[in-house]
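Structure file data_33.cif (mmCIF, C-alpha atoms and all ligand atoms) is printed below.
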```
data_run
#
loop_
_atom_site.label_atom_id
_atom_site.label_comp_id
_atom_site.auth_asym_id
_atom_site.auth_seq_id
_atom_site.Cartn_x
_atom_site.Cartn_y
_atom_site.Cartn_z
CA MET U 1 -12.20 37.45 48.56
CA ALA U 2 -10.49 34.13 48.71
CA ILE U 3 -11.16 30.74 47.25
CA LEU U 4 -10.68 28.16 49.98
CA ASN U 5 -9.52 24.59 49.63
CA ILE U 6 -12.35 22.06 49.86
CA ILE U 7 -11.43 18.91 51.77
CA GLU U 8 -12.58 15.55 50.48
CA GLU U 9 -14.00 12.31 51.77
CA GLY U 10 -11.35 10.42 53.71
CA ASP U 11 -10.30 13.55 55.58
CA PRO U 12 -11.24 12.81 59.22
CA LEU U 13 -12.35 16.42 59.74
CA LEU U 14 -15.48 15.71 57.67
CA ARG U 15 -16.61 13.27 60.38
CA LYS U 16 -16.29 15.68 63.28
CA THR U 17 -19.08 17.66 64.93
CA SER U 18 -18.81 21.40 64.38
CA ARG U 19 -19.01 23.85 67.28
CA PRO U 20 -21.67 26.59 67.53
CA VAL U 21 -20.76 30.17 66.71
CA GLU U 22 -21.03 32.27 69.87
CA GLU U 23 -20.17 35.65 68.43
CA ILE U 24 -20.25 36.94 64.87
CA THR U 25 -16.79 38.42 64.56
CA PRO U 26 -15.16 40.01 61.49
CA ARG U 27 -13.43 36.67 61.05
CA ILE U 28 -16.80 34.92 60.72
CA ILE U 29 -17.95 37.53 58.17
CA THR U 30 -14.79 36.96 56.10
CA LEU U 31 -15.33 33.21 56.34
CA LEU U 32 -18.92 33.61 55.05
CA ASP U 33 -17.71 35.74 52.13
CA ASP U 34 -14.98 33.25 51.28
CA MET U 35 -17.37 30.31 51.58
CA ILE U 36 -19.79 31.95 49.13
CA ASP U 37 -16.96 32.61 46.65
CA THR U 38 -15.67 29.06 47.08
CA MET U 39 -19.13 27.50 46.61
CA ARG U 40 -19.71 29.52 43.42
CA LYS U 41 -16.26 28.78 42.00
CA ALA U 42 -16.86 25.05 42.57
CA ASP U 43 -20.32 25.32 41.01
CA GLY U 44 -22.00 23.95 44.13
CA CYS U 45 -25.35 24.85 45.67
CA GLY U 46 -24.22 24.56 49.26
CA LEU U 47 -21.12 24.53 51.40
CA ALA U 48 -20.48 23.91 55.10
CA ALA U 49 -17.57 25.44 57.01
CA VAL U 50 -16.16 22.03 57.87
CA GLN U 51 -15.63 21.47 54.14
CA VAL U 52 -13.09 24.28 54.16
CA GLY U 53 -11.55 22.94 57.35
CA VAL U 54 -13.36 25.12 59.89
CA LEU U 55 -15.31 23.21 62.54
CA ARG U 56 -17.99 25.83 63.14
CA ARG U 57 -21.75 25.53 62.62
CA ILE U 58 -21.93 27.66 59.50
CA CYS U 59 -23.17 26.90 56.00
CA VAL U 60 -24.15 28.75 52.86
CA ILE U 61 -26.77 27.71 50.34
CA GLU U 62 -27.51 28.98 46.83
CA THR U 63 -29.97 26.70 45.08
CA GLU U 64 -31.30 29.59 43.01
CA PRO U 65 -28.54 31.68 41.46
CA GLY U 66 -28.43 35.07 43.14
CA THR U 67 -30.24 34.02 46.32
CA VAL U 68 -27.72 33.10 48.98
CA TYR U 69 -28.76 31.95 52.43
CA GLU U 70 -26.23 32.21 55.23
CA LEU U 71 -26.96 29.83 58.05
CA ILE U 72 -25.13 30.28 61.31
CA ASN U 73 -26.02 27.70 64.00
CA PRO U 74 -28.81 26.23 61.84
CA LYS U 75 -31.34 23.93 63.43
CA ILE U 76 -34.02 22.01 61.56
CA ILE U 77 -37.24 22.78 63.44
CA ALA U 78 -39.80 21.11 61.17
CA PHE U 79 -39.93 18.68 58.29
CA SER U 80 -42.56 16.70 56.44
CA GLY U 81 -43.10 14.54 53.40
CA HIS U 82 -40.53 12.45 51.62
CA GLN U 83 -38.47 12.64 48.45
CA GLU U 84 -35.98 10.44 46.67
CA ASN U 85 -33.78 12.48 44.38
CA PRO U 86 -30.15 12.76 43.25
CA GLU U 87 -27.61 14.35 45.53
CA GLY U 88 -23.90 15.05 45.38
CA CYS U 89 -21.29 16.87 47.44
CA LEU U 90 -18.25 19.01 46.66
CA SER U 91 -16.33 16.88 49.18
CA VAL U 92 -17.32 13.64 47.44
CA PRO U 93 -16.39 14.44 43.85
CA GLY U 94 -17.63 12.22 41.06
CA LYS U 95 -20.24 10.45 43.15
CA ALA U 96 -23.99 10.94 43.25
CA SER U 97 -26.72 9.06 45.07
CA ILE U 98 -30.45 8.93 45.23
CA THR U 99 -31.10 9.92 48.82
CA SER U 100 -34.02 9.77 51.21
CA ARG U 101 -34.94 13.24 52.47
CA PRO U 102 -38.01 15.13 53.69
CA MET U 103 -39.88 17.04 50.98
CA TYR U 104 -40.35 20.14 53.17
CA VAL U 105 -37.85 21.43 55.68
CA THR U 106 -37.85 24.47 57.95
CA VAL U 107 -34.55 25.56 59.43
CA ARG U 108 -33.94 28.27 62.03
CA ALA U 109 -30.63 30.05 61.67
CA THR U 110 -28.83 33.32 62.28
CA ASN U 111 -27.55 35.54 59.48
CA ARG U 112 -24.38 37.66 59.48
CA LYS U 113 -26.26 40.57 61.08
CA GLY U 114 -27.11 38.37 64.04
CA GLU U 115 -30.79 38.14 63.04
CA VAL U 116 -32.56 34.85 63.66
CA TYR U 117 -34.75 33.76 60.77
CA ASP U 118 -36.67 30.73 59.56
CA LEU U 119 -36.22 29.35 56.08
CA THR U 120 -38.62 26.83 54.60
CA GLY U 121 -37.71 24.95 51.47
CA SER U 122 -39.02 22.10 49.38
CA GLU U 123 -37.46 19.85 46.74
CA LEU U 124 -33.83 20.85 46.06
CA LEU U 125 -33.69 23.50 48.80
CA ALA U 126 -35.02 20.99 51.36
CA ARG U 127 -32.40 18.45 50.30
CA CYS U 128 -29.69 21.07 50.45
CA ILE U 129 -30.67 22.26 53.95
CA CYS U 130 -30.57 18.66 55.26
CA HIS U 131 -27.29 17.97 53.47
CA GLU U 132 -25.52 21.05 54.88
CA VAL U 133 -26.83 20.59 58.42
CA ASP U 134 -25.69 16.96 58.24
CA HIS U 135 -22.16 18.18 57.45
CA LEU U 136 -22.14 20.05 60.77
CA ASP U 137 -22.74 16.73 62.52
CA GLY U 138 -20.12 14.83 60.57
CA LYS U 139 -22.57 13.12 58.24
CA LEU U 140 -22.31 12.66 54.48
CA PHE U 141 -24.99 11.85 51.89
CA ILE U 142 -23.32 8.51 51.18
CA ASP U 143 -24.06 7.32 54.73
CA GLU U 144 -26.46 4.58 55.67
CA GLY U 145 -29.97 5.87 56.23
CA ILE U 146 -29.51 8.72 53.74
CA HIS U 147 -28.07 7.06 50.66
CA LEU U 148 -30.53 4.78 48.85
CA ARG U 149 -28.71 3.81 45.68
CA PRO U 150 -26.09 5.19 43.30
CA TYR U 151 -27.34 7.72 40.82
CA VAL U 152 -26.19 7.51 37.23
CA GLU U 153 -27.29 10.31 34.97
CA LYS U 154 -28.80 9.06 31.75
CA ARG U 155 -26.98 10.46 28.79
CA LYS U 156 -28.59 11.37 25.52
CA LYS U 157 -27.33 9.47 22.51
NI NI U 201 -21.74 18.35 50.86
#
```

Translate this structure into structure tokens?
Ligand code: NI
Amino acid sequence: MAILNIIEEGDPLLRKTSRPVEEITPRIITLLDDMIDTMRKADGCGLAAVQVGVLRRICVIETEPGTVYELINPKIIAFSGHQENPEGCLSVPGKASITSRPMYVTVRATNRKGEVYDLTGSELLARCICHEVDHLDGKLFIDEGIHLRPYVEKRKK
């Protein structure tokens, strides 16, 4: 296992489009393992390969502790509804926004075994799927059309 370095906003790599994975090699498997470790260490609920400097269409999601989804070449195939909720990113530390996202999202992806599967999520999982797939196209949650307004957590007295 290895904890990888997470690049931050301002790094031009975050604005690039990631390339599809054509073959699931041992290198890809190691990358998935390292991405999961890195996401957990950083206390995040999702991570895209570009965030660790690898321009491949891969992301990992863990919105419920213990349930990790590996998404290779993910493609959103359906979405509906609307939500406005807080969102942040490990590559944009210290910032959070209320974003505009669909309430329900279905993504088709491949897992490490090469199996194609569909994952449908609502609420946080739907936001996370959109957020991670956006990363693969060089988009961030602070961008126009996604970001609605800054989010400031209310603190108890
Ligand atoms: Ni992010």

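Distance annotation: of U:Pro65, U:Pro74, U:Gly121, U:Gly81, the residue with the minimal separation from Leu136 in chain U is U:Pro74; atom set is only C-alpha atoms.
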
Checklist entry - What's the 12 Å shell around Arg101 in chain U, counting all atoms listed in the file, without same-chain residues fewer than 3 positions away, as a VMD selection string? => result chain U and resid 79 to 87 97 to 98 104 to 105 122 to 131 134 141 145 to 148

Item to check | Environment of ligand NI 201 (chain U) within 6 Å, counting only C-alpha atoms and all ligand atoms, reported as a ChimeraX atom specification | outcome: /U:89-91

Checklist entry - Using all atoms listed in the file, which residue out of U:Gly44, U:Pro26, U:Pro20, U:Pro150 lies closest to Thr99 in chain U? => result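 Among U:Gly44, U:Pro26, U:Pro20, U:Pro150, it is U:Pro150 that comes nearest to Thr99 in chain U.
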
Item to check | Closest of U:Val152, U:Gly46, U:Ile28, U:Asn5 to Thr67 in chain U - atom-to-atom distances counting only C-alpha atoms | outcome: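 Among the listed residues, the smallest separation from Thr67 in chain U belongs to U:Gly46.
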
Checklist outcome for this item: The distance between CA of Ile24 in chain U and CA of Arg112 in chain U is 6.8 Å

Next on the checklist: as a ChimeraX atom specification, please: the residues near Arg57 in chain U (cut-off 8 Å, all atoms listed in the file, same-chain neighbours under 5 positions excluded).
Outcome noted: /U:18-21,48-49,72-74,136

Checklist entry - What's the 8 Å shell around Gln51 in chain U, counting only C-alpha atoms, without same-chain residues fewer than 2 positions away, as a PyMOL selection string? => result chain U and resi 6-8+14+47-49+53-54+91

Checklist entry - For Asp43 in chain U, which residue out of U:Leu31, U:Gly88, U:Lys154, U:Glu23 is the nearest one, using all atoms listed in the file? => result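 The answer is U:Gly88, which sits nearest to Asp43 in chain U.
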
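The residue set within 10 Å of Thr30 in chain U, counting only C-alpha atoms and dropping same-chain residues fewer than 6 places from it, reads Met1, Ala2 and Ile36 of chain U.
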
Output file for the selection above: C-alpha atoms, as a PDB file, in the frame of the given file:
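Contents of out.pdb, as written:
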```pdb
ATOM      1  CA  MET U   1     -12.200  37.450  48.560  1.00  0.00           C
ATOM      2  CA  ALA U   2     -10.490  34.130  48.710  1.00  0.00           C
ATOM      3  CA  ILE U  36     -19.790  31.950  49.130  1.00  0.00           C
TER       4      ILE U  36
END
```

Checklist entry - Do you have the CA of Thr110 in chain U-CA of Glu22 in chain U distance handy? => result 10.9 Å

Checklist entry - Pick the closest to Glu9 in chain U from U:Thr120, U:Glu64, U:Glu153, U:Val50: which is it, counting only C-alpha atoms? => result U:Val50

Item to check | Between CA of Thr106 in chain U and CA of Ile77 in chain U, distance in Å (one decimal) | outcome: 5.8 Å

Checklist entry - Between U:Lys95, U:Arg27, U:Arg40, U:Lys75, which is the closest to Glu132 in chain U once you count all atoms listed in the file? => result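 Of U:Lys95, U:Arg27, U:Arg40, U:Lys75, the one nearest Glu132 in chain U is U:Lys75, counting all atoms listed in the file.
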
Hey, could you patch up range 110-121 of chain U with all heavy atoms and hand it over as an mmCIF file, in the frame of the given file?
```cif
data_model
loop_
_atom_site.group_PDB
_atom_site.id
_atom_site.type_symbol
_atom_site.label_atom_id
_atom_site.label_comp_id
_atom_site.auth_asym_id
_atom_site.auth_seq_id
_atom_site.Cartn_x
_atom_site.Cartn_y
_atom_site.Cartn_z
ATOM 1 N N THR U 110 -29.199 31.913 62.076
ATOM 2 C CA THR U 110 -28.830 33.320 62.280
ATOM 3 C C THR U 110 -28.069 33.778 61.048
ATOM 4 O O THR U 110 -27.288 33.000 60.476
ATOM 5 C CB THR U 110 -27.945 33.430 63.541
ATOM 6 O OG1 THR U 110 -28.672 32.929 64.654
ATOM 7 C CG2 THR U 110 -27.533 34.859 63.814
ATOM 8 N N ASN U 111 -28.325 35.016 60.607
ATOM 9 C CA ASN U 111 -27.550 35.540 59.480
ATOM 10 C C ASN U 111 -26.357 36.363 59.999
ATOM 11 O O ASN U 111 -26.161 36.470 61.215
ATOM 12 C CB ASN U 111 -28.443 36.344 58.518
ATOM 13 C CG ASN U 111 -29.022 37.602 59.162
ATOM 14 O OD1 ASN U 111 -28.512 38.096 60.169
ATOM 15 N ND2 ASN U 111 -30.093 38.123 58.578
ATOM 16 N N ARG U 112 -25.607 36.950 59.083
ATOM 17 C CA ARG U 112 -24.380 37.660 59.480
ATOM 18 C C ARG U 112 -24.654 38.896 60.337
ATOM 19 O O ARG U 112 -23.754 39.388 61.014
ATOM 20 C CB ARG U 112 -23.547 38.025 58.257
ATOM 21 C CG ARG U 112 -24.154 39.083 57.364
ATOM 22 C CD ARG U 112 -23.146 39.559 56.345
ATOM 23 N NE ARG U 112 -22.759 38.490 55.416
ATOM 24 C CZ ARG U 112 -21.633 38.522 54.704
ATOM 25 N NH1 ARG U 112 -20.804 39.538 54.828
ATOM 26 N NH2 ARG U 112 -21.353 37.539 53.880
ATOM 27 N N LYS U 113 -25.907 39.398 60.259
ATOM 28 C CA LYS U 113 -26.260 40.570 61.080
ATOM 29 C C LYS U 113 -26.678 40.159 62.490
ATOM 30 O O LYS U 113 -27.033 40.999 63.311
ATOM 31 C CB LYS U 113 -27.412 41.326 60.426
ATOM 32 C CG LYS U 113 -27.052 41.958 59.085
ATOM 33 C CD LYS U 113 -28.309 42.603 58.486
ATOM 34 C CE LYS U 113 -28.093 42.998 57.035
ATOM 35 N NZ LYS U 113 -29.370 43.248 56.347
ATOM 36 N N GLY U 114 -26.719 38.853 62.716
ATOM 37 C CA GLY U 114 -27.110 38.370 64.040
ATOM 38 C C GLY U 114 -28.609 38.171 64.150
ATOM 39 O O GLY U 114 -29.124 37.924 65.244
ATOM 40 N N GLU U 115 -29.330 38.310 63.030
ATOM 41 C CA GLU U 115 -30.790 38.140 63.040
ATOM 42 C C GLU U 115 -31.154 36.665 62.901
ATOM 43 O O GLU U 115 -30.635 35.984 62.012
ATOM 44 C CB GLU U 115 -31.422 38.932 61.880
ATOM 45 C CG GLU U 115 -31.141 40.417 61.944
ATOM 46 C CD GLU U 115 -31.321 41.132 60.607
ATOM 47 O OE1 GLU U 115 -31.342 40.467 59.531
ATOM 48 O OE2 GLU U 115 -31.414 42.375 60.633
ATOM 49 N N VAL U 116 -32.060 36.224 63.745
ATOM 50 C CA VAL U 116 -32.560 34.850 63.660
ATOM 51 C C VAL U 116 -33.704 34.829 62.659
ATOM 52 O O VAL U 116 -34.561 35.717 62.666
ATOM 53 C CB VAL U 116 -33.035 34.364 65.046
ATOM 54 C CG1 VAL U 116 -33.625 32.958 64.967
ATOM 55 C CG2 VAL U 116 -31.862 34.368 66.035
ATOM 56 N N TYR U 117 -33.678 33.859 61.768
ATOM 57 C CA TYR U 117 -34.750 33.760 60.770
ATOM 58 C C TYR U 117 -35.072 32.300 60.507
ATOM 59 O O TYR U 117 -34.266 31.410 60.808
ATOM 60 C CB TYR U 117 -34.355 34.478 59.470
ATOM 61 C CG TYR U 117 -33.248 33.801 58.695
ATOM 62 C CD1 TYR U 117 -33.542 33.029 57.562
ATOM 63 C CD2 TYR U 117 -31.916 33.913 59.088
ATOM 64 C CE1 TYR U 117 -32.539 32.395 56.844
ATOM 65 C CE2 TYR U 117 -30.906 33.283 58.387
ATOM 66 C CZ TYR U 117 -31.219 32.519 57.258
ATOM 67 O OH TYR U 117 -30.231 31.881 56.560
ATOM 68 N N ASP U 118 -36.269 32.089 59.957
ATOM 69 C CA ASP U 118 -36.670 30.730 59.560
ATOM 70 C C ASP U 118 -36.707 30.661 58.053
ATOM 71 O O ASP U 118 -37.161 31.586 57.384
ATOM 72 C CB ASP U 118 -38.085 30.402 60.100
ATOM 73 C CG ASP U 118 -38.098 30.219 61.613
ATOM 74 O OD1 ASP U 118 -37.015 30.226 62.225
ATOM 75 O OD2 ASP U 118 -39.193 30.084 62.168
ATOM 76 N N LEU U 119 -36.214 29.578 57.530
ATOM 77 C CA LEU U 119 -36.220 29.350 56.080
ATOM 78 C C LEU U 119 -36.911 28.012 55.821
ATOM 79 O O LEU U 119 -36.544 26.992 56.397
ATOM 80 C CB LEU U 119 -34.770 29.298 55.567
ATOM 81 C CG LEU U 119 -34.560 28.807 54.128
ATOM 82 C CD1 LEU U 119 -35.141 29.793 53.119
ATOM 83 C CD2 LEU U 119 -33.061 28.602 53.846
ATOM 84 N N THR U 120 -37.936 28.063 54.969
ATOM 85 C CA THR U 120 -38.620 26.830 54.600
ATOM 86 C C THR U 120 -38.355 26.548 53.133
ATOM 87 O O THR U 120 -38.458 27.444 52.291
ATOM 88 C CB THR U 120 -40.143 26.948 54.849
ATOM 89 O OG1 THR U 120 -40.353 27.169 56.235
ATOM 90 C CG2 THR U 120 -40.871 25.667 54.438
ATOM 91 N N GLY U 121 -37.983 25.326 52.845
ATOM 92 C CA GLY U 121 -37.710 24.950 51.470
ATOM 93 C C GLY U 121 -38.334 23.615 51.140
ATOM 94 O O GLY U 121 -38.608 22.807 52.036
#
```
